[in-house]
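Structure file protein.txt (compact mmCIF, C-alpha atoms) is printed below.
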# COMPACT_ATOMS: atom_id res chain seq x y z
CA MET A 1 -20.19 -30.80 -57.55
CA PHE A 2 -18.25 -27.50 -57.45
CA SER A 3 -15.28 -28.66 -59.45
CA PHE A 4 -15.53 -25.72 -61.87
CA PHE A 5 -14.16 -23.43 -59.09
CA LYS A 6 -10.94 -25.47 -59.24
CA GLN A 7 -10.25 -24.48 -62.86
CA PRO A 8 -7.51 -21.80 -62.89
CA SER A 9 -8.95 -19.88 -65.85
CA PHE A 10 -12.38 -19.70 -64.24
CA MET A 11 -10.95 -18.62 -60.88
CA LYS A 12 -9.03 -15.81 -62.58
CA LYS A 13 -12.14 -14.52 -64.31
CA TYR A 14 -14.19 -14.91 -61.13
CA LEU A 15 -11.69 -12.94 -59.03
CA THR A 16 -11.38 -10.28 -61.72
CA VAL A 17 -15.11 -9.70 -61.73
CA ILE A 18 -15.18 -9.43 -57.92
CA VAL A 19 -12.31 -6.92 -57.86
CA MET A 20 -13.90 -4.78 -60.57
CA ALA A 21 -17.23 -4.80 -58.76
CA CYS A 22 -15.60 -3.70 -55.52
CA LEU A 23 -13.72 -0.88 -57.28
CA TRP A 24 -16.94 0.28 -58.93
CA LEU A 25 -18.81 0.33 -55.64
CA CYS A 26 -16.01 2.25 -53.94
CA CYS A 27 -16.00 4.86 -56.69
CA LYS A 28 -19.80 5.10 -56.54
CA GLU A 29 -19.79 5.67 -52.77
CA LYS A 30 -17.04 8.27 -53.08
CA SER A 31 -18.96 10.08 -55.79
CA VAL A 32 -22.16 10.10 -53.75
CA ASP A 33 -20.24 11.26 -50.68
CA GLN A 34 -18.64 14.09 -52.64
CA ASN A 35 -21.99 15.17 -54.07
CA PHE A 36 -23.54 15.09 -50.61
CA LYS A 37 -20.78 17.21 -49.14
CA ALA A 38 -21.11 19.67 -51.98
CA ILE A 39 -24.70 20.53 -51.05
CA THR A 40 -24.36 20.58 -47.26
CA TYR A 41 -23.90 23.79 -45.29
CA ASP A 42 -23.39 24.93 -41.75
CA GLU A 43 -26.89 25.51 -40.37
CA THR A 44 -25.48 27.38 -37.37
CA ALA A 45 -23.74 29.95 -39.55
CA PRO A 46 -25.87 33.12 -39.99
CA LEU A 47 -26.94 33.89 -43.53
CA GLU A 48 -26.17 37.29 -44.99
CA ASN A 49 -28.71 39.89 -43.81
CA GLU A 50 -30.69 37.19 -41.98
CA GLN A 51 -32.84 38.42 -39.10
CA PRO A 52 -33.97 36.10 -36.28
CA LEU A 53 -37.69 35.28 -36.24
CA PHE A 54 -37.97 35.47 -32.46
CA THR A 55 -36.28 37.27 -29.59
CA GLN A 56 -36.33 35.78 -26.10
CA LEU A 57 -37.33 38.33 -23.48
CA ASP A 58 -36.20 38.19 -19.86
CA PRO A 59 -38.97 37.51 -17.29
CA ALA A 60 -37.56 40.37 -15.24
CA THR A 61 -38.37 42.64 -18.19
CA THR A 62 -41.78 41.26 -19.14
CA GLY A 63 -43.04 40.56 -15.63
CA VAL A 64 -44.11 37.05 -16.64
CA THR A 65 -42.40 34.98 -13.96
CA PHE A 66 -44.72 31.96 -13.87
CA ALA A 67 -43.01 28.56 -13.64
CA ASN A 68 -44.75 25.19 -13.51
CA ASN A 69 -42.51 23.72 -10.80
CA ILE A 70 -42.97 20.09 -9.78
CA ASN A 71 -40.95 18.73 -6.87
CA GLU A 72 -41.25 14.96 -6.64
CA ILE A 73 -41.70 13.37 -3.22
CA GLU A 74 -42.70 9.89 -2.10
CA GLU A 75 -46.41 10.68 -2.30
CA LEU A 76 -46.16 12.62 -5.56
CA ASN A 77 -44.01 11.31 -8.38
CA ILE A 78 -44.23 9.92 -11.89
CA LEU A 79 -44.45 6.34 -10.60
CA ARG A 80 -47.60 7.24 -8.72
CA TYR A 81 -49.05 9.30 -11.58
CA GLU A 82 -47.74 8.83 -15.09
CA TYR A 83 -49.23 12.11 -16.38
CA LEU A 84 -47.37 14.20 -13.81
CA TYR A 85 -45.22 15.92 -16.43
CA ASN A 86 -47.91 16.46 -19.06
CA GLY A 87 -47.85 20.11 -18.09
CA GLY A 88 -50.58 22.55 -17.19
CA GLY A 89 -51.70 24.92 -19.88
CA VAL A 90 -51.75 28.49 -21.15
CA ALA A 91 -54.51 30.62 -22.63
CA ALA A 92 -54.06 33.93 -24.42
CA GLY A 93 -56.85 36.43 -24.87
CA ASP A 94 -57.97 40.01 -24.26
CA ILE A 95 -59.86 39.79 -20.97
CA ASN A 96 -60.59 43.54 -20.65
CA ASN A 97 -61.11 44.42 -24.33
CA ASP A 98 -58.28 46.96 -24.45
CA GLY A 99 -56.82 45.45 -27.61
CA LEU A 100 -53.91 43.77 -25.82
CA ILE A 101 -53.51 40.00 -25.38
CA ASP A 102 -53.38 38.89 -21.76
CA LEU A 103 -51.97 35.57 -20.50
CA TYR A 104 -53.35 32.94 -18.13
CA PHE A 105 -51.09 30.09 -16.99
CA SER A 106 -52.30 26.86 -15.40
CA GLY A 107 -49.88 25.33 -12.92
CA SER A 108 -50.09 21.61 -12.24
CA ILE A 109 -49.48 22.01 -8.54
CA GLU A 110 -48.52 25.69 -8.58
CA PRO A 111 -51.18 28.41 -8.22
CA ASN A 112 -52.41 29.63 -11.61
CA LYS A 113 -51.41 33.08 -12.79
CA LEU A 114 -53.21 35.79 -14.80
CA TYR A 115 -51.04 38.47 -16.36
CA LEU A 116 -52.59 41.70 -17.66
CA ASN A 117 -50.89 43.07 -20.77
CA GLU A 118 -49.93 46.72 -20.23
CA GLY A 119 -48.28 47.15 -23.63
CA ASN A 120 -44.71 47.04 -24.92
CA PHE A 121 -44.34 43.44 -23.66
CA LYS A 122 -44.96 44.49 -20.06
CA PHE A 123 -47.33 42.34 -17.98
CA ARG A 124 -48.76 42.69 -14.48
CA ASP A 125 -49.81 39.81 -12.24
CA ILE A 126 -53.47 40.40 -11.31
CA THR A 127 -54.24 36.85 -10.15
CA THR A 128 -55.22 37.75 -6.61
CA SER A 129 -57.38 40.77 -7.44
CA ALA A 130 -59.03 38.87 -10.32
CA GLY A 131 -59.72 35.83 -8.12
CA VAL A 132 -58.48 33.20 -10.56
CA ASP A 133 -55.72 31.19 -8.85
CA GLY A 134 -57.37 27.88 -9.81
CA GLY A 135 -58.03 26.66 -6.29
CA PRO A 136 -56.80 23.34 -4.86
CA GLY A 137 -56.10 20.28 -6.96
CA PHE A 138 -53.99 19.23 -9.92
CA LYS A 139 -54.75 21.74 -12.69
CA THR A 140 -54.57 20.81 -16.37
CA GLY A 141 -55.67 22.51 -19.60
CA VAL A 142 -57.26 25.97 -19.71
CA THR A 143 -59.46 27.68 -22.30
CA MET A 144 -60.49 31.29 -22.74
CA VAL A 145 -64.00 31.50 -24.21
CA ASP A 146 -66.90 33.94 -24.05
CA ILE A 147 -69.28 31.27 -22.81
CA ASN A 148 -72.17 33.60 -21.93
CA GLN A 149 -71.60 35.78 -25.00
CA ASP A 150 -71.51 39.06 -23.09
CA GLY A 151 -68.47 40.34 -24.97
CA PHE A 152 -65.91 39.38 -22.30
CA LEU A 153 -63.69 36.31 -22.28
CA ASP A 154 -64.28 33.80 -19.51
CA ILE A 155 -61.83 31.12 -18.27
CA PHE A 156 -62.52 27.37 -18.10
CA LEU A 157 -60.06 25.16 -16.23
CA GLY A 158 -59.67 21.38 -16.10
CA LYS A 159 -58.38 19.24 -13.24
CA SER A 160 -57.17 15.66 -12.79
CA MET A 161 -55.13 13.18 -10.72
CA VAL A 162 -56.50 13.76 -7.20
CA GLY A 163 -58.54 10.86 -5.84
CA ASN A 164 -61.14 13.03 -4.15
CA PRO A 165 -63.63 14.11 -6.88
CA GLU A 166 -64.26 17.40 -5.06
CA PHE A 167 -60.78 18.47 -6.09
CA ARG A 168 -61.25 17.39 -9.72
CA LYS A 169 -64.28 19.55 -10.46
CA LYS A 170 -63.84 21.86 -13.43
CA VAL A 171 -63.57 25.57 -12.72
CA LEU A 172 -65.46 28.23 -14.72
CA TYR A 173 -64.44 31.82 -14.09
CA ILE A 174 -67.06 34.19 -15.49
CA ASN A 175 -65.67 37.59 -16.43
CA ASN A 176 -67.35 40.41 -14.49
CA GLY A 177 -66.24 42.99 -17.05
CA ASN A 178 -63.92 44.79 -14.63
CA SER A 179 -60.87 42.49 -14.64
CA THR A 180 -62.37 40.31 -11.89
CA PHE A 181 -64.02 36.91 -12.20
CA THR A 182 -66.61 34.81 -10.36
CA GLU A 183 -66.45 30.99 -10.23
CA ARG A 184 -69.78 29.60 -11.57
CA ALA A 185 -69.07 26.10 -12.93
CA ALA A 186 -71.85 24.42 -10.94
CA GLU A 187 -74.38 27.05 -12.02
CA TYR A 188 -73.55 26.38 -15.67
CA GLY A 189 -73.62 22.60 -15.25
CA LEU A 190 -69.88 22.32 -15.88
CA ALA A 191 -68.57 21.24 -12.47
CA ASP A 192 -67.66 17.87 -13.97
CA ALA A 193 -65.31 15.78 -11.80
CA SER A 194 -63.87 13.48 -14.47
CA PHE A 195 -60.11 13.17 -15.00
CA SER A 196 -59.52 15.60 -17.85
CA SER A 197 -56.70 17.30 -19.71
CA GLN A 198 -58.41 19.89 -21.96
CA SER A 199 -61.79 21.21 -23.11
CA TYR A 200 -62.93 22.64 -26.46
CA PHE A 201 -65.95 24.89 -27.04
CA PHE A 202 -67.96 25.00 -30.26
CA ASP A 203 -71.58 25.23 -31.39
CA MET A 204 -72.23 21.57 -32.19
CA ASP A 205 -75.94 21.88 -33.02
CA ALA A 206 -75.90 25.39 -34.52
CA ASP A 207 -78.37 26.75 -31.97
CA GLY A 208 -76.26 29.78 -31.15
CA ASP A 209 -75.00 28.41 -27.81
CA LEU A 210 -71.54 27.04 -27.17
CA ASP A 211 -71.20 23.33 -26.40
CA VAL A 212 -68.11 21.77 -24.83
CA TYR A 213 -66.03 18.67 -25.60
CA MET A 214 -63.89 17.46 -22.70
CA VAL A 215 -60.78 15.39 -23.30
CA ARG A 216 -60.41 12.88 -20.47
CA THR A 217 -57.32 11.11 -19.20
CA TYR A 218 -57.13 7.51 -18.05
CA ALA A 219 -57.38 7.31 -14.26
CA CYS A 220 -54.57 4.78 -13.95
CA SER A 221 -53.74 5.95 -10.43
CA THR A 222 -54.57 8.81 -8.11
CA VAL A 223 -52.97 10.55 -5.20
CA ALA A 224 -54.47 11.90 -2.02
CA LEU A 225 -54.71 15.66 -1.71
CA SER A 226 -52.07 16.97 0.67
CA HIS A 227 -50.01 20.04 1.41
CA THR A 228 -48.11 19.40 -1.83
CA LEU A 229 -51.13 20.48 -3.86
CA PRO A 230 -52.20 24.07 -3.21
Could you take the file, read its structure, and then write that structure out as structure tokens?
Amino acid sequence: MFSFFKQPSFMKKYLTVIVMACLWLCCKEKSVDQNFKAITYDETAPLENEQPLFTQLDPATTGVTFANNINEIEELNILRYEYLYNGGGVAAGDINNDGLIDLYFSGSIEPNKLYLNEGNFKFRDITTSAGVDGGPGFKTGVTMVDINQDGFLDIFLGKSMVGNPEFRKKVLYINNGNSTFTERAAEYGLADASFSSQSYFFDMDADGDLDVYMVRTYACSTVALSHTLP
């Protein structure tokens, strides 16, 4: 059936074609490789007169020392709660209308922190005097929004994970206008106890009032509140 492969003349032509094809492919690959190398460059090498877009500032200089530390133990780990390392949140806004952007950090199991911007990248921790440490529970996303439209930014905080719904209730800090806040979630009808990760405010029905959309997480497992959650 394949007797034509046994003919010497055919075999010679067949082998010649294969050799030429291999040589052509080798040359093609070498050419492509050379062209590729010709247009590559060292991305780590600084370009002439290039200025960095960002400069990392030391926490000791800025005063922003917040860290979302999570220490796993038998009762609190990623096997018990798969969203453990989703992170807390951060909101940036001018809480005292001085023209400087202040920072509020949500710690998963750490107390939240509010830093007042004093200018020149210097911040002061006013969490205790402002009364906004987040309370007990596993804190998630945070939003700064002027919910009562009085000209001062308020703070809305989500919670999740903990089995007891009392420790999952959302927190609404209403700005008193003097760098202090009052928790009023229940009064505003926002003390929702669902497992949530973030909330977004917008005027859905164009009536001049802000509505809220809450992003929930799947309650695959929960943990009991203990000393590990402040």
*Interatomic distance (Å, one decimal) between atom CA of Ile109 of chain A and atom CA of Glu82 of chain A*: 14.8 Å
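Restricting the calculation to only C-alpha atoms, the smallest distance between Thr62 of chain A and any of A:Leu116, A:Val171, A:Leu190, A:Leu153 is found for A:Leu116.
The closest residue to Gly87 of chain A, picked from A:Phe105, A:Tyr188, A:Phe121, A:Tyr115 and counting only C-alpha atoms, is A:Phe105.
Of the listed residues (A:Phe156, A:Phe181, A:Tyr173, A:Phe202), A:Phe181 comes nearest to Ala130 of chain A; the distances count all atoms listed in the file.
Between atom CA of Gln198 of chain A and atom CA of Arg184 of chain A the interatomic distance comes to 18.2 Å.
Reported to one decimal place, the separation of atom CA of Ile155 of chain A from atom CA of Phe54 of chain A is 28.1 Å.
Distance annotation: of A:Thr180, A:Asn68, A:Asn120, A:Thr127, the residue with the minimal separation from Phe152 of chain A is A:Thr180; atom set is only C-alpha atoms.
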_Given only C-alpha atoms as the basis, pick out the residue of A:Ile18, A:Ala67, A:Ile147, A:Val90 nearest to Asp102 of chain A._
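Checking each candidate against Asp102 of chain A, we get A:Val90 as the closest.
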_Let me make sure I understand: among A:Gln149, A:Thr182, A:Thr140, A:Thr65, which one has the smallest atom-to-atom distance to Lys169 of chain A if we use only C-alpha atoms?_
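The shortest atom-to-atom distance to Lys169 of chain A comes from A:Thr140.
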_List as a PyMOL selection string the protein and nucleic acid residues near Ser194 of chain A, meaning an atom at most 9 Å away when all atoms listed in the file are counted, but skip any in the same chain fewer than 6 places from it._
chain A and resi 159-160+165+168-170+216-217+219
